[in-house]
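A.B. asks: The file below is target_11.cif, mmCIF, C-alpha atoms:
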data_input
#
loop_
_atom_site.label_atom_id
_atom_site.label_comp_id
_atom_site.auth_asym_id
_atom_site.auth_seq_id
_atom_site.Cartn_x
_atom_site.Cartn_y
_atom_site.Cartn_z
CA MET A 1402 -50.95 66.12 -10.26
CA ARG A 1403 -49.53 68.77 -7.89
CA THR A 1404 -50.66 66.69 -4.91
CA ALA A 1405 -48.79 63.66 -6.20
CA ILE A 1406 -45.67 65.71 -6.88
CA SER A 1407 -45.84 67.31 -3.44
CA ALA A 1408 -46.19 63.91 -1.82
CA GLY A 1409 -43.15 62.66 -3.73
CA VAL A 1410 -41.06 65.63 -2.69
CA ASP A 1411 -42.12 65.21 0.94
CA GLY A 1412 -41.15 61.55 0.78
CA LEU A 1413 -37.67 62.34 -0.50
CA ARG A 1414 -37.24 64.92 2.24
CA ARG A 1415 -38.14 62.38 4.89
CA TRP A 1416 -35.72 59.85 3.32
CA PHE A 1417 -32.76 62.21 3.43
CA ARG A 1418 -33.64 63.34 6.99
CA ARG A 1419 -33.31 59.81 8.40
CA PRO A 1420 -30.60 59.43 11.07
CA ALA A 1421 -27.09 59.04 9.76
CA ARG A 1422 -26.69 55.77 11.63
CA THR A 1423 -29.35 54.22 9.36
CA TRP A 1424 -27.21 55.01 6.33
CA VAL A 1425 -24.15 53.65 8.09
CA ARG A 1426 -25.94 50.41 8.87
CA ARG A 1427 -27.14 50.07 5.28
CA ALA A 1428 -23.70 50.80 3.89
CA ALA A 1429 -22.17 48.24 6.25
CA LEU A 1430 -24.76 45.65 5.25
CA ALA A 1431 -24.11 46.30 1.57
CA ALA A 1432 -20.36 45.91 2.12
CA VAL A 1433 -20.88 42.63 3.97
CA LEU A 1434 -23.11 41.32 1.20
CA LEU A 1435 -20.56 42.25 -1.45
CA VAL A 1436 -17.89 40.31 0.42
CA MET A 1437 -20.08 37.37 1.38
CA ALA A 1438 -21.77 36.79 -1.98
CA PRO A 1439 -18.73 35.32 -3.77
CA MET A 1440 -17.84 33.34 -0.65
CA VAL A 1441 -21.31 31.81 -0.56
CA VAL A 1442 -21.15 31.01 -4.28
CA GLY A 1443 -17.71 29.45 -3.79
CA ALA A 1444 -18.89 27.39 -0.82
CA VAL A 1445 -21.86 26.07 -2.80
CA ALA A 1446 -19.55 25.13 -5.66
CA LEU A 1447 -17.14 23.28 -3.36
CA ARG A 1448 -19.97 21.48 -1.60
CA SER A 1449 -21.31 20.40 -4.99
CA SER A 1450 -17.83 19.20 -5.94
CA TYR A 1451 -17.89 16.93 -2.89
CA ALA A 1452 -21.14 15.27 -3.94
CA GLY A 1453 -21.46 12.10 -5.96
CA ASP A 1454 -19.95 8.63 -6.03
CA PRO A 1455 -16.21 8.25 -6.80
CA GLY A 1456 -16.95 4.89 -8.39
CA ASP A 1457 -14.74 1.92 -9.17
CA GLY A 1458 -11.18 2.33 -10.30
CA THR A 1459 -10.43 5.28 -8.01
CA ARG A 1460 -8.22 3.64 -5.41
CA THR A 1461 -4.48 3.20 -4.95
CA ARG A 1462 -2.24 2.43 -7.90
CA GLY A 1463 0.63 1.46 -5.60
CA ARG A 1464 2.38 4.80 -6.16
CA ASP A 1465 1.72 6.51 -2.81
CA ALA A 1466 4.30 8.28 -0.66
CA ILE A 1467 4.84 9.47 2.90
CA TRP A 1468 6.96 12.27 4.34
CA LEU A 1469 9.23 11.03 7.18
CA GLY A 1470 10.89 13.18 9.84
CA HIS A 1471 14.60 13.75 10.45
CA ALA A 1472 14.74 11.21 13.29
CA TRP A 1473 15.13 8.46 10.68
CA VAL A 1474 18.57 9.66 9.59
CA ASP A 1475 20.08 11.35 12.66
CA GLY A 1476 20.31 8.31 14.96
CA ARG A 1477 17.11 8.65 17.00
CA LYS A 1478 15.40 5.74 15.21
CA GLY A 1479 16.59 2.15 15.44
CA GLU A 1480 15.92 -1.35 14.12
CA SER A 1481 12.74 -1.88 16.15
CA ASP A 1482 11.32 1.41 14.84
CA LEU A 1483 12.04 0.35 11.29
CA ASP A 1484 10.47 -3.07 11.86
CA THR A 1485 7.29 -1.41 13.17
CA PHE A 1486 7.15 1.07 10.30
CA ALA A 1487 7.75 -1.60 7.66
CA ALA A 1488 4.96 -3.74 9.10
CA ARG A 1489 2.64 -0.72 9.04
CA VAL A 1490 3.13 0.16 5.35
CA ARG A 1491 3.83 -3.26 3.84
CA GLU A 1492 0.26 -3.96 2.68
CA THR A 1493 -0.45 -0.40 1.53
CA GLY A 1494 0.18 1.45 -1.72
CA ILE A 1495 3.22 3.31 -0.37
CA HIS A 1496 6.08 3.23 -2.86
CA ASP A 1497 8.15 6.29 -1.90
CA LEU A 1498 9.53 7.63 1.37
CA TYR A 1499 10.48 11.32 1.51
CA VAL A 1500 13.00 11.36 4.36
CA HIS A 1501 14.04 14.73 5.76
CA ALA A 1502 17.80 14.89 5.17
CA GLY A 1503 18.22 18.68 5.30
CA PRO A 1504 17.66 21.45 5.77
CA LEU A 1505 19.91 22.92 3.11
CA GLU A 1506 22.13 25.80 4.05
CA HIS A 1507 21.01 29.12 2.58
CA ASP A 1508 23.82 28.86 0.03
CA GLY A 1509 22.49 25.50 -1.23
CA THR A 1510 25.08 23.29 0.42
CA LEU A 1511 24.28 20.35 2.71
CA PRO A 1512 26.63 19.11 5.46
CA ALA A 1513 26.84 15.31 5.35
CA ALA A 1514 26.73 15.31 9.15
CA ARG A 1515 23.01 16.04 8.93
CA TYR A 1516 22.15 12.52 7.74
CA PRO A 1517 24.68 10.13 9.35
CA LYS A 1518 22.26 7.15 9.38
CA ALA A 1519 21.10 7.47 5.78
CA ARG A 1520 22.80 4.30 4.57
CA TRP A 1521 21.42 2.34 7.50
CA LEU A 1522 17.90 3.53 6.66
CA VAL A 1523 18.09 2.96 2.91
CA ASP A 1524 19.56 -0.53 3.28
CA GLY A 1525 17.06 -1.40 6.01
CA VAL A 1526 14.09 -0.27 3.94
CA HIS A 1527 15.30 -2.16 0.88
CA ARG A 1528 15.62 -5.37 2.91
CA ARG A 1529 12.22 -5.07 4.55
CA LEU A 1530 10.28 -3.42 1.73
CA PRO A 1531 11.70 -4.48 -1.66
CA GLY A 1532 10.80 -2.00 -4.38
CA VAL A 1533 10.13 0.91 -2.03
CA ARG A 1534 12.26 3.97 -2.82
CA VAL A 1535 13.88 6.21 -0.21
CA GLN A 1536 14.22 9.81 -1.35
CA ALA A 1537 16.18 12.59 0.35
CA TRP A 1538 13.78 15.38 1.32
CA LEU A 1539 15.75 18.60 0.83
CA GLY A 1540 14.15 21.88 1.82
CA ASP A 1541 14.82 25.40 2.94
CA LYS A 1542 12.99 28.65 3.40
CA LEU A 1543 13.25 30.85 0.32
CA ALA A 1544 14.15 34.52 0.62
CA THR A 1545 11.01 35.52 -1.27
CA GLU A 1546 9.30 37.34 1.61
CA GLY A 1547 12.24 38.55 3.67
CA PRO A 1548 16.00 39.10 3.68
CA LYS A 1549 16.94 35.66 5.05
CA GLY A 1550 16.71 32.39 3.19
CA LEU A 1551 17.85 30.52 0.11
CA ARG A 1552 18.16 32.66 -3.03
CA LEU A 1553 17.41 30.65 -6.15
CA GLU A 1554 18.17 33.64 -8.35
CA ARG A 1555 21.90 33.13 -7.65
CA PRO A 1556 23.55 30.70 -10.10
CA ALA A 1557 26.05 29.67 -7.43
CA THR A 1558 23.21 28.63 -5.12
CA ARG A 1559 21.56 26.52 -7.81
CA ALA A 1560 24.91 24.91 -8.65
CA ALA A 1561 25.42 24.07 -4.99
CA MET A 1562 21.98 22.48 -4.86
CA VAL A 1563 22.86 20.27 -7.81
CA ASP A 1564 26.01 19.21 -5.94
CA SER A 1565 24.00 18.57 -2.76
CA SER A 1566 21.60 16.40 -4.74
CA ARG A 1567 24.49 14.42 -6.20
CA GLN A 1568 25.96 14.12 -2.71
CA VAL A 1569 22.87 12.50 -1.14
CA LEU A 1570 22.57 10.05 -4.03
CA ALA A 1571 26.21 8.99 -4.05
CA GLY A 1572 27.13 9.41 -0.40
CA GLY A 1573 23.81 8.77 1.29
CA GLY A 1574 22.62 6.02 -0.99
CA PHE A 1575 19.20 7.59 -1.53
CA ASP A 1576 17.03 6.53 -4.46
CA GLY A 1577 15.93 10.04 -5.30
CA VAL A 1578 15.80 13.73 -4.42
CA HIS A 1579 12.64 15.45 -3.18
CA PHE A 1580 12.65 19.28 -3.10
CA ASP A 1581 10.37 21.23 -0.79
CA LEU A 1582 11.21 24.93 -1.23
CA GLU A 1583 8.78 27.46 0.22
CA PRO A 1584 7.30 29.97 -0.24
CA MET A 1585 7.65 29.63 -4.00
CA PRO A 1586 5.95 32.32 -6.12
CA SER A 1587 4.08 31.19 -9.19
CA GLY A 1588 6.12 31.67 -12.36
CA ASN A 1589 9.52 31.49 -10.64
CA ARG A 1590 11.92 30.79 -13.52
CA ASN A 1591 14.86 30.10 -11.23
CA PHE A 1592 13.09 27.03 -9.86
CA LEU A 1593 12.56 25.73 -13.37
CA GLU A 1594 16.25 26.29 -14.15
CA LEU A 1595 17.18 24.36 -11.01
CA LEU A 1596 15.03 21.40 -12.03
CA ASP A 1597 16.46 21.49 -15.55
CA ALA A 1598 19.96 21.29 -14.04
CA VAL A 1599 19.19 18.53 -11.52
CA ARG A 1600 17.22 16.13 -13.70
CA PRO A 1601 20.05 15.03 -16.02
CA MET A 1602 22.10 14.20 -12.94
CA THR A 1603 19.32 12.16 -11.27
CA ARG A 1604 18.72 10.31 -14.52
CA ALA A 1605 22.42 9.48 -14.74
CA HIS A 1606 22.12 7.94 -11.27
CA ASN A 1607 18.87 6.15 -12.21
CA ALA A 1608 17.28 8.17 -9.42
CA THR A 1609 13.92 9.91 -8.99
CA LEU A 1610 13.42 13.68 -8.98
CA SER A 1611 10.33 14.84 -7.14
CA VAL A 1612 8.96 18.10 -5.71
CA ALA A 1613 6.39 19.28 -3.22
CA ALA A 1614 4.09 21.72 -5.03
CA HIS A 1615 1.86 24.60 -4.00
CA GLN A 1616 -1.88 24.35 -4.60
CA ILE A 1617 -3.30 25.56 -7.92
CA ASP A 1618 -5.40 28.72 -8.33
CA PRO A 1619 -8.99 27.67 -7.51
CA VAL A 1620 -10.03 30.64 -9.65
CA PRO A 1621 -7.84 32.15 -12.41
CA LYS A 1622 -5.22 34.70 -11.33
CA LEU A 1623 -5.87 34.19 -7.62
CA HIS A 1624 -2.13 33.73 -7.00
CA ALA A 1625 -1.48 37.24 -8.35
CA ALA A 1626 -4.22 38.78 -6.21
CA ALA A 1627 -3.02 36.96 -3.09
CA ARG A 1628 0.55 38.07 -3.64
CA LYS A 1629 -0.54 41.68 -4.14
CA ILE A 1630 -2.87 41.76 -1.13
CA ALA A 1631 -1.16 39.45 1.36
CA GLY A 1632 2.36 39.28 -0.06
CA HIS A 1633 2.26 35.47 0.22
CA PRO A 1634 2.33 33.12 -2.80
CA LYS A 1635 -0.07 30.43 -1.58
CA TRP A 1636 -1.15 29.27 -5.05
CA TRP A 1637 0.47 28.54 -8.40
CA SER A 1638 -1.19 29.17 -11.72
CA GLN A 1639 -2.27 25.99 -13.44
CA ALA A 1640 0.13 26.73 -16.29
CA TYR A 1641 3.11 27.06 -13.93
CA PHE A 1642 2.16 23.84 -12.16
CA GLY A 1643 2.27 22.12 -15.53
CA GLN A 1644 5.71 23.61 -16.30
CA VAL A 1645 7.07 22.20 -13.04
CA ALA A 1646 5.35 18.82 -13.52
CA LYS A 1647 6.93 18.19 -16.91
CA ARG A 1648 10.42 18.69 -15.45
CA VAL A 1649 10.17 16.04 -12.71
CA ASP A 1650 9.36 12.37 -12.27
CA GLN A 1651 6.94 12.98 -9.43
CA ILE A 1652 5.01 15.98 -8.08
CA ALA A 1653 3.18 16.02 -4.74
CA VAL A 1654 0.52 18.68 -4.15
CA MET A 1655 0.47 20.07 -0.61
CA SER A 1656 -3.33 19.89 -0.58
CA TYR A 1657 -3.78 20.85 3.07
CA ASP A 1658 -3.63 24.08 5.10
CA THR A 1659 -6.57 25.34 3.05
CA SER A 1660 -8.47 27.35 5.74
CA MET A 1661 -11.61 25.38 4.91
CA PRO A 1662 -13.94 25.25 7.95
CA LEU A 1663 -15.98 22.14 7.03
CA GLU A 1664 -15.17 18.62 5.84
CA SER A 1665 -17.47 18.94 2.85
CA LEU A 1666 -15.82 22.17 1.70
CA TYR A 1667 -12.33 20.78 2.21
CA GLY A 1668 -13.16 17.58 0.36
CA GLY A 1669 -14.69 19.57 -2.49
CA TYR A 1670 -11.59 21.75 -2.63
CA VAL A 1671 -9.32 18.68 -2.84
CA ALA A 1672 -11.49 17.26 -5.63
CA GLN A 1673 -11.08 20.51 -7.53
CA GLN A 1674 -7.32 20.56 -6.92
CA ALA A 1675 -6.97 16.98 -8.15
CA SER A 1676 -8.84 17.81 -11.35
CA LEU A 1677 -6.80 20.96 -12.00
CA ALA A 1678 -3.54 19.09 -11.45
CA LEU A 1679 -4.56 16.11 -13.58
CA GLU A 1680 -5.34 18.39 -16.50
CA VAL A 1681 -1.74 19.66 -16.79
CA THR A 1682 0.46 16.86 -15.40
CA PRO A 1683 2.14 14.70 -18.07
CA LYS A 1684 0.84 11.14 -18.23
CA ASP A 1685 4.25 9.69 -17.31
CA THR A 1686 4.75 11.93 -14.27
CA ASP A 1687 3.51 10.63 -10.93
CA LEU A 1688 0.92 13.04 -9.51
CA LEU A 1689 0.34 12.69 -5.77
CA MET A 1690 -2.25 14.52 -3.68
CA GLY A 1691 -1.30 15.34 -0.09
CA LEU A 1692 -3.23 13.86 2.85
CA PRO A 1693 -3.19 15.71 6.21
CA PHE A 1694 -1.76 13.30 8.82
CA PHE A 1695 -1.45 16.15 11.34
CA GLN A 1696 -3.81 18.00 13.65
CA THR A 1697 -2.54 21.51 14.31
CA GLU A 1698 -5.22 24.15 14.76
CA THR A 1699 -4.50 27.45 13.00
CA MET A 1700 -6.23 29.97 10.76
CA GLY A 1701 -4.98 27.96 7.79
CA HIS A 1702 -5.73 24.49 9.10
CA HIS A 1703 -8.84 23.27 10.91
CA ALA A 1704 -8.26 19.68 11.97
CA SER A 1705 -11.99 18.95 12.23
CA ALA A 1706 -12.39 19.87 8.55
CA GLU A 1707 -9.12 18.71 7.00
CA THR A 1708 -9.52 15.01 7.69
CA VAL A 1709 -7.96 12.10 5.86
CA LYS A 1710 -11.43 10.78 5.09
CA ALA A 1711 -12.50 14.01 3.41
CA ALA A 1712 -9.20 14.32 1.52
CA VAL A 1713 -9.34 10.76 0.18
CA ARG A 1714 -12.94 11.17 -0.94
CA GLY A 1715 -12.00 14.42 -2.67
CA VAL A 1716 -9.02 12.77 -4.37
CA ARG A 1717 -11.20 9.91 -5.62
CA LEU A 1718 -13.89 12.28 -6.91
CA GLY A 1719 -11.35 14.41 -8.77
CA LEU A 1720 -9.69 11.35 -10.28
CA GLY A 1721 -13.00 9.79 -11.31
CA ARG A 1722 -14.23 12.94 -13.02
CA THR A 1723 -11.02 13.88 -14.79
CA ASP A 1724 -8.85 10.86 -15.62
CA ARG A 1725 -10.24 7.70 -14.02
CA HIS A 1726 -7.84 5.30 -15.74
CA ARG A 1727 -4.63 7.24 -15.07
CA GLN A 1728 -2.01 4.98 -13.48
CA HIS A 1729 0.66 7.54 -12.53
CA PHE A 1730 -1.38 8.84 -9.60
CA GLY A 1731 -1.45 8.49 -5.84
CA VAL A 1732 -1.56 10.20 -2.47
CA ALA A 1733 1.21 11.49 -0.18
CA LEU A 1734 0.85 11.30 3.61
CA TYR A 1735 2.10 14.24 5.69
CA VAL A 1736 3.71 13.40 8.10
CA ASP A 1737 4.76 10.20 9.96
CA PHE A 1738 5.52 11.67 13.39
CA THR A 1739 2.04 13.21 13.85
CA ALA A 1740 0.01 10.38 12.31
CA ARG A 1741 -2.70 8.80 14.46
CA ASP A 1742 -4.21 5.34 14.18
CA ARG A 1743 -7.44 6.88 12.84
CA ASP A 1744 -5.50 8.59 10.02
CA TRP A 1745 -3.92 5.30 8.97
CA ALA A 1746 -7.28 3.56 9.27
CA ALA A 1747 -8.97 6.10 6.97
CA TYR A 1748 -6.16 5.76 4.42
CA ASP A 1749 -6.39 1.95 4.55
CA LYS A 1750 -10.18 1.78 4.36
CA ASP A 1751 -10.94 4.46 1.81
CA TRP A 1752 -7.93 4.35 -0.52
CA ASN A 1753 -6.14 0.96 -0.37
#
Just give me the structure of the file as structure tokens.
C.D. replies:
Amino acid sequence: MRTAISAGVDGLRRWFRRPARTWVRRAALAAVLLVMAPMVVGAVALRSSYAGDPGDGTRTRGRDAIWLGHAWVDGRKGESDLDTFAARVRETGIHDLYVHAGPLEHDGTLPAARYPKARWLVDGVHRRLPGVRVQAWLGDKLATEGPKGLRLERPATRAAMVDSSRQVLAGGGFDGVHFDLEPMPSGNRNFLELLDAVRPMTRAHNATLSVAAHQIDPVPKLHAAARKIAGHPKWWSQAYFGQVAKRVDQIAVMSYDTSMPLESLYGGYVAQQASLALEVTPKDTDLLMGLPFFQTETMGHHASAETVKAAVRGVRLGLGRTDRHRQHFGVALYVDFTARDRDWAAYDKDWN
């Protein structure tokens, strides 16, 4: 017995006498494993979400949209450009054009001089593409992460934004208003108040009210953790997404800039986002999922991973699993001036 005890004591002594660097290496390895484990689990889940067959009934409903740059309303585009664009989208499911008519001033106002060719564009689209709506894309940076920007908490700013919306409908001839206000923290009540104020006016003009929306928490409460750690509101809670969706006619998820490194992970993420959004969007609200028609290479966007093909497959998988027969659903293409032929080809082949 004493021999066994002595051997055990000697073993412990040798353990504690090991070089300090061994402990450091083990501690570092443990830390890496703690960080990597949930990432690996998450990656496996996203890859699984990308598997399977989308099936029939998961293609365009004729309610798609595309974001268009400012060149369409400031005089840089002409008749030949519009002819080419109309020919490109005529046989697709595109039904709405979000045309950049801003940006808004930080006080919510919008100088009419920013969109001098709006009437030309709207009339030209209506002649070439009957039934297609042209919406005024109004955006601005919010003062949620710094001192400069639009402050939705000010009633005067929200009132000015209502007036600017009325202005583009009456003066510009647009068929709707599309807000893209970033970065928007989840739970922002001032945004909801703005939408509540704008919608009666758009309805009075028989116009559409739409918004660009942040992605939804892939795991519960992630938006709160991200805001606390990084100070940036990348995600909305699913509940807040639903609150916004019920106040508009159309909501377009900016389902790109996800930091996903692989097509399969990105496609699985889009499938998850589509399902989460479908669960809380009213049946009579158009829900659109964003497609990345751009190729910038940043920490948040890897062009080799965020492809149109992967996004469309993810959209179809999410739709098929969650609400296959939903008609108020589509995709939104971002953005016309960076689109390549291969992006259009993937959209045509896999979605139309």
A.B. asks: Which one of A:Val1709, A:Leu1666, A:Ala1561, A:Ala1571 sits closest to Ala1746 in chain A if you count all atoms listed in the file?
C.D. replies: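 Checking each of A:Val1709, A:Leu1666, A:Ala1561, A:Ala1571 against Ala1746 in chain A, counting all atoms listed in the file, the winner is A:Val1709.
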A.B. asks: Would you write out, as a list in words, every residue that the PyMOL selection byres ((chain A and resi 1638) around 10) captures in this file?
C.D. replies: Pro1586, Ser1587, Gly1588, His1615, Gln1616, Ile1617, Asp1618, Pro1619, Val1620, Pro1621, Lys1622, Leu1623, His1624, Ala1625, Trp1636, Trp1637, Gln1639, Ala1640, Tyr1641, Phe1642, Gly1643, Gln1644 and Leu1677 of chain A
A.B. asks: Taking the file as shown, find all residues satisfying the PyMOL selection byres ((chain A and resi 1689) around 6) and write them as a PDB file with C-alpha atoms, in the frame of the given file.
C.D. replies:
ATOM      1  CA  ALA A1653       3.180  16.020  -4.740  1.00  0.00           C
ATOM      2  CA  LEU A1688       0.920  13.040  -9.510  1.00  0.00           C
ATOM      3  CA  MET A1690      -2.250  14.520  -3.680  1.00  0.00           C
ATOM      4  CA  PHE A1730      -1.380   8.840  -9.600  1.00  0.00           C
ATOM      5  CA  GLY A1731      -1.450   8.490  -5.840  1.00  0.00           C
ATOM      6  CA  VAL A1732      -1.560  10.200  -2.470  1.00  0.00           C
ATOM      7  CA  ALA A1733       1.210  11.490  -0.180  1.00  0.00           C
TER       8      ALA A1733
END
A.B. asks: Select, counting all atoms listed in the file, all protein, DNA and RNA residues no farther than 6 Å from (23.4, 27.5, -3.8) in file coordinates, and express the selection as a tab-separated table (two decimals) with C-alpha atoms, in the frame of the given file.
C.D. replies:
chain	number	residue	atom	x	y	z
A	1508	ASP	CA	23.82	28.86	0.03
A	1509	GLY	CA	22.49	25.50	-1.23
A	1557	ALA	CA	26.05	29.67	-7.43
A	1558	THR	CA	23.21	28.63	-5.12
A	1559	ARG	CA	21.56	26.52	-7.81
A	1560	ALA	CA	24.91	24.91	-8.65
A	1561	ALA	CA	25.42	24.07	-4.99
A	1562	MET	CA	21.98	22.48	-4.86
A.B. asks: For the structure provided, state which residues fall under the PyMOL selection byres ((chain A and resi 1574) around 10), and present them as a list in words.
C.D. replies: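 Going through the file, the PyMOL selection byres ((chain A and resi 1574) around 10) ends up selecting Ala1519, Arg1520, Trp1521, Leu1522, Val1523, Asp1524, Val1535, Gln1536, Ala1537, Gln1568, Val1569, Leu1570, Ala1571, Gly1572, Gly1573, Phe1575, Asp1576 and Gly1577 of chain A.
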A.B. asks: Considering only C-alpha atoms, state which residue in the set A:Leu1511, A:Val1736, A:Val1474, A:Ala1672 is at the smallest distance from Arg1448 in chain A.
C.D. replies: A:Ala1672
A.B. asks: Determine, counting all atoms listed in the file, which protein, DNA and RNA residues have an atom within 10 Å of an atom of Leu1679 in chain A; residues of the same chain fewer than 2 positions away are not included. Present the result as a list in words.
C.D. replies: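 Close residues of Leu1679 in chain A: Gly1643, Gln1673, Gln1674, Ala1675, Ser1676, Leu1677, Val1681, Thr1682, Pro1683, Lys1684, Leu1688, Leu1689, Gly1719, Leu1720, Thr1723, Asp1724, Arg1727 and Phe1730 of chain A.
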A.B. asks: Which one is closest to Arg1462 in chain A: A:Arg1528, A:Arg1717, A:Arg1590, A:Arg1743? Count all atoms listed in the file.
C.D. replies: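 Nearest candidate to Arg1462 in chain A out of A:Arg1528, A:Arg1717, A:Arg1590, A:Arg1743: A:Arg1717.
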A.B. asks: Could you tell me how far CA of Lys1542 in chain A sits from CA of Ala1598 in chain A, in Å to one decimal place?
C.D. replies: 20.2 Å
A.B. asks: Which distance in Å separates CA of Asp1564 in chain A and CA of Arg1464 in chain A, to one decimal?
C.D. replies: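 Computed distance, CA of Asp1564 in chain A to CA of Arg1464 in chain A, equals 27.7 Å.
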A.B. asks: Have a look at CA of Ala1706 in chain A and CA of Ser1449 in chain A and let me know their distance in Å, one decimal.
C.D. replies: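 These atoms are spaced 16.2 Å apart.
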A.B. asks: Just want the 10 Å neighbourhood of Asp1658 in chain A, counted on only C-alpha atoms, with same-chain residues fewer than 6 positions away dropped. Output as a list in words.
C.D. replies: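 Skipping anything fewer than 6 positions along the chain leaves Gln1616, Lys1635, Tyr1667, Pro1693, Thr1697, Glu1698, Thr1699, Met1700, Gly1701, His1702, His1703, Ala1704 and Glu1707 of chain A.
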A.B. asks: Give me the residues within 8 Å of Arg1460 in chain A as a list in words, counting all atoms listed in the file and dropping any in the same chain fewer than 6 places off.
C.D. replies: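 Residues near the query, excluding close chain neighbours: Arg1717, Asp1751, Trp1752 and Asn1753 of chain A.
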A.B. asks: When you count all atoms listed in the file, which of these residues is closest to Ala1712 in chain A: A:Asp1454, A:Glu1664, A:Asp1597, A:Asp1650?
C.D. replies: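 For Ala1712 in chain A, the nearest of the candidates is A:Glu1664.
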A.B. asks: Applying 8 Å and only C-alpha atoms, which residues near Tyr1735 in chain A remain after dropping the ones on its own chain fewer than 6 positions away? List them as a ChimeraX atom specification.
C.D. replies: /A:1467-1469,1691-1695
A.B. asks: I need the residue nearest Val1526 in chain A from this list: A:His1496, A:His1726, A:Arg1477, A:Arg1555. Use all atoms listed in the file for the distance.
C.D. replies: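 Between A:His1496, A:His1726, A:Arg1477, A:Arg1555, the residue approaching Val1526 in chain A most closely is A:His1496.
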